[in-house]
Amino acid sequence: MPKHALFGLDRLTRTHKLSAAGIAAAGAAALAFTVVPGADAGQSTGQTSAAHVQPVAFSSTVGSTAQTQQATIAKQADASTKAGRAEAAAEAKAAAKAKAEAAAKAKAAKERAAQQTASRSTDRAALPTAVKTPVKTYTNNLDGWIRQSLDIMANKGIPGSYNGIYRNIIRESAGNPMAINNWDINAINGVPSKGLLQVIAPTFQTYHVDGTSWDIYDPVANITAACNYAADKYGSMDNVNSAY
């Protein structure tokens with residue numbers, strides 16, 4: 001049977017083509033030749049006359065079966081193609097859905113990160129800025145020494161005023177931080193008075209104020225120790241008007 005007689009044969013698989021070829025062969029086999037004996041009843045020669053061959057008509061039932069099988073094969077091929085397309089479409093749809101979900105998750109994570117960053121920035125902005133106390137400086141002279149001593153005394157709760165301190169310094173040492181008395185009773189006893197407010201070593205060590213130098217000639221240390229002693233003995237350096 002010619003190739004074009006089988007509709008859709010060129011699109012079928014090898015198995016489908018073999019099946020179709022078998023069906024065609026079966027149809028062709030139906031076109032058998034029937035030998036009909038034609039010996040003359042009256043012949044007496046004993047010879048057999050030539051047989052007359054008559055073609056058998058093509059069976060309409062076989063042709064219908066072949067067409068039905070061809071249609072079935074075509075339908076199966078078409079159904080297989082449709083199923084493949086549907087499966088591919090479903091896979092593409094699932095891939096697109098997964099991609100969209102991944103994109104949504106990434107977007108949500110990015111938004112959460114941005115919110116956390118903004119929250120941290122807000123928290124940092126809400127923190128009070130530490131106020132730095134400026135470091136106070138003092139001049140390296142009698143005025144600066146007295147003012148620095150007064151600030152230390154105020155922090156330690158030691159009373160005294162600028163005028164009271166200044167007045168006693170001028171009387172005791174004339175403002176010389178290296179002054180030393182080598183002639184009074186203290187000097188005779190081996191413990192001469194030293195510094196701006198003429199403090200003896202035992203008194204300086206007993207009434208030394210934390211945060212100041214242990215050098216008795218240090219102006220600030222000498223003033224604060226002397227004022228601490230005067231506060232203990234006289235209530236304040238302001239109450240001292242003579243040797244103490």
# chains A, B, ... in the order shown; residues from 1 in each chain; ligands from 1

$ residues_around --residues "segment 151-168 of chain A" --least-positions-apart "4" --cutoff "8 Å" --atoms "only C-alpha atoms" --output "PyMOL selection string"
chain A and resi 146-147+172+197+223-224+227-228+231+235-242

$ write_last_selection --atoms "C-alpha atoms" --output "CSV table (one decimal), in the first residue's frame"
chain,number,residue,atom,x,y,z
A,146,ILE,CA,44.3,78.9,94.6
A,147,ARG,CA,41.4,78.4,92.1
A,172,GLU,CA,53.1,82.9,105.5
A,197,LEU,CA,51.1,78.0,103.7
A,223,ILE,CA,47.1,74.6,99.9
A,224,THR,CA,44.5,71.8,100.0
A,227,CYS,CA,43.0,74.2,104.3
A,228,ASN,CA,42.0,70.6,105.3
A,231,ALA,CA,39.0,73.2,108.7
A,235,GLY,CA,36.5,75.5,111.0
A,236,SER,CA,38.0,77.1,107.9
A,237,MET,CA,41.2,78.8,106.6
A,238,ASP,CA,39.1,82.0,106.6
A,239,ASN,CA,39.2,81.9,110.5
A,240,VAL,CA,43.0,81.9,110.6
A,241,ASN,CA,44.6,85.3,111.1
A,242,SER,CA,48.0,84.4,112.4

$ closest_residue --among "A:Ser193, A:Gln198, A:Thr139, A:Gln70" --to "Ile170 of chain A" --atoms "only C-alpha atoms"
A:Gln198

$ closest_residue --among "A:Asp78, A:Gln67, A:Ala201, A:Pro177" --to "Asn140 of chain A" --atoms "only C-alpha atoms"
A:Pro177

$ closest_residue --among "A:Ser80, A:Met178, A:Ile169, A:Asp218" --to "Ala243 of chain A" --atoms "only C-alpha atoms"
A:Ile169

$ atom_distance --atom1 "atom CA of Asn182 of chain A" --atom2 "atom CA of Thr212 of chain A"
25.6 Å

$ atom_distance --atom1 "atom CA of Val220 of chain A" --atom2 "atom CA of Asn141 of chain A"
10.5 Å

$ atom_distance --atom1 "atom CA of Asn222 of chain A" --atom2 "atom CA of Phe204 of chain A"
7.3 Å

$ select_by_dssp --residues "segment 81-229 of chain A" --states "alpha helix (DSSP H)" --output "MDAnalysis selection string"
chainID A and resid 81:126 142:156 162:173 185:188 201:206 219:229

$ closest_residue --among "A:Asn189, A:Trp183, A:Ser149, A:Lys194" --to "Val209 of chain A" --atoms "only C-alpha atoms"
A:Ser149

$ select_by_dssp --residues "segment 47-242 of chain A" --states "strand (DSSP E or B)" --output "PyMOL selection string"
chain A and resi 52-55+180+194+199

$ write_last_selection --atoms "all heavy atoms" --output "PDB file, in the first residue's frame"
ATOM      1  N   HIS A  52      -9.110 -22.118 -14.481  1.00  0.00           N
ATOM      2  CA  HIS A  52      -9.494 -20.722 -14.641  1.00  0.00           C
ATOM      3  C   HIS A  52      -9.340 -19.996 -13.308  1.00  0.00           C
ATOM      4  O   HIS A  52      -9.921 -20.394 -12.315  1.00  0.00           O
ATOM      5  CB  HIS A  52     -10.961 -20.639 -15.113  1.00  0.00           C
ATOM      6  CG  HIS A  52     -11.161 -21.244 -16.455  1.00  0.00           C
ATOM      7  ND1 HIS A  52     -10.840 -20.609 -17.647  1.00  0.00           N
ATOM      8  CD2 HIS A  52     -11.656 -22.470 -16.804  1.00  0.00           C
ATOM      9  CE1 HIS A  52     -11.127 -21.417 -18.660  1.00  0.00           C
ATOM     10  NE2 HIS A  52     -11.615 -22.560 -18.164  1.00  0.00           N
ATOM     11  N   VAL A  53      -8.509 -18.965 -13.249  1.00  0.00           N
ATOM     12  CA  VAL A  53      -8.241 -18.215 -12.017  1.00  0.00           C
ATOM     13  C   VAL A  53      -9.121 -17.002 -11.964  1.00  0.00           C
ATOM     14  O   VAL A  53      -9.095 -16.183 -12.898  1.00  0.00           O
ATOM     15  CB  VAL A  53      -6.751 -17.785 -11.947  1.00  0.00           C
ATOM     16  CG1 VAL A  53      -6.495 -17.004 -10.661  1.00  0.00           C
ATOM     17  CG2 VAL A  53      -5.889 -19.011 -12.014  1.00  0.00           C
ATOM     18  N   GLN A  54      -9.895 -16.852 -10.880  1.00  0.00           N
ATOM     19  CA  GLN A  54     -10.785 -15.701 -10.714  1.00  0.00           C
ATOM     20  C   GLN A  54     -10.399 -14.939  -9.438  1.00  0.00           C
ATOM     21  O   GLN A  54     -10.237 -15.522  -8.384  1.00  0.00           O
ATOM     22  CB  GLN A  54     -12.238 -16.185 -10.596  1.00  0.00           C
ATOM     23  CG  GLN A  54     -12.751 -16.846 -11.860  1.00  0.00           C
ATOM     24  CD  GLN A  54     -14.204 -17.284 -11.737  1.00  0.00           C
ATOM     25  OE1 GLN A  54     -14.743 -17.235 -10.631  1.00  0.00           O
ATOM     26  NE2 GLN A  54     -14.796 -17.716 -12.832  1.00  0.00           N
ATOM     27  N   PRO A  55     -10.256 -13.647  -9.519  1.00  0.00           N
ATOM     28  CA  PRO A  55      -9.899 -12.852  -8.323  1.00  0.00           C
ATOM     29  C   PRO A  55     -11.043 -12.792  -7.340  1.00  0.00           C
ATOM     30  O   PRO A  55     -12.194 -12.747  -7.728  1.00  0.00           O
ATOM     31  CB  PRO A  55      -9.583 -11.473  -8.897  1.00  0.00           C
ATOM     32  CG  PRO A  55     -10.404 -11.404 -10.142  1.00  0.00           C
ATOM     33  CD  PRO A  55     -10.426 -12.783 -10.719  1.00  0.00           C
ATOM     34  N   ILE A 180      60.713  78.157 102.996  1.00  0.00           N
ATOM     35  CA  ILE A 180      60.964  77.246 104.105  1.00  0.00           C
ATOM     36  C   ILE A 180      61.429  78.046 105.316  1.00  0.00           C
ATOM     37  O   ILE A 180      62.197  78.999 105.183  1.00  0.00           O
ATOM     38  CB  ILE A 180      62.031  76.178 103.726  1.00  0.00           C
ATOM     39  CG1 ILE A 180      62.246  75.208 104.894  1.00  0.00           C
ATOM     40  CG2 ILE A 180      63.326  76.804 103.270  1.00  0.00           C
ATOM     41  CD1 ILE A 180      63.129  74.012 104.537  1.00  0.00           C
ATOM     42  N   LYS A 194      57.065  74.401 105.444  1.00  0.00           N
ATOM     43  CA  LYS A 194      57.413  74.508 104.029  1.00  0.00           C
ATOM     44  C   LYS A 194      56.206  74.897 103.184  1.00  0.00           C
ATOM     45  O   LYS A 194      55.056  74.641 103.523  1.00  0.00           O
ATOM     46  CB  LYS A 194      57.968  73.174 103.523  1.00  0.00           C
ATOM     47  CG  LYS A 194      59.228  72.689 104.239  1.00  0.00           C
ATOM     48  CD  LYS A 194      59.653  71.326 103.735  1.00  0.00           C
ATOM     49  CE  LYS A 194      60.895  70.817 104.456  1.00  0.00           C
ATOM     50  NZ  LYS A 194      61.319  69.478 103.994  1.00  0.00           N
ATOM     51  N   VAL A 199      53.461  74.497 105.910  1.00  0.00           N
ATOM     52  CA  VAL A 199      52.953  73.287 106.558  1.00  0.00           C
ATOM     53  C   VAL A 199      54.143  72.393 106.900  1.00  0.00           C
ATOM     54  O   VAL A 199      55.068  72.227 106.112  1.00  0.00           O
ATOM     55  CB  VAL A 199      51.972  72.531 105.635  1.00  0.00           C
ATOM     56  CG1 VAL A 199      51.406  71.307 106.340  1.00  0.00           C
ATOM     57  CG2 VAL A 199      50.851  73.455 105.183  1.00  0.00           C
TER      58      VAL A 199
END
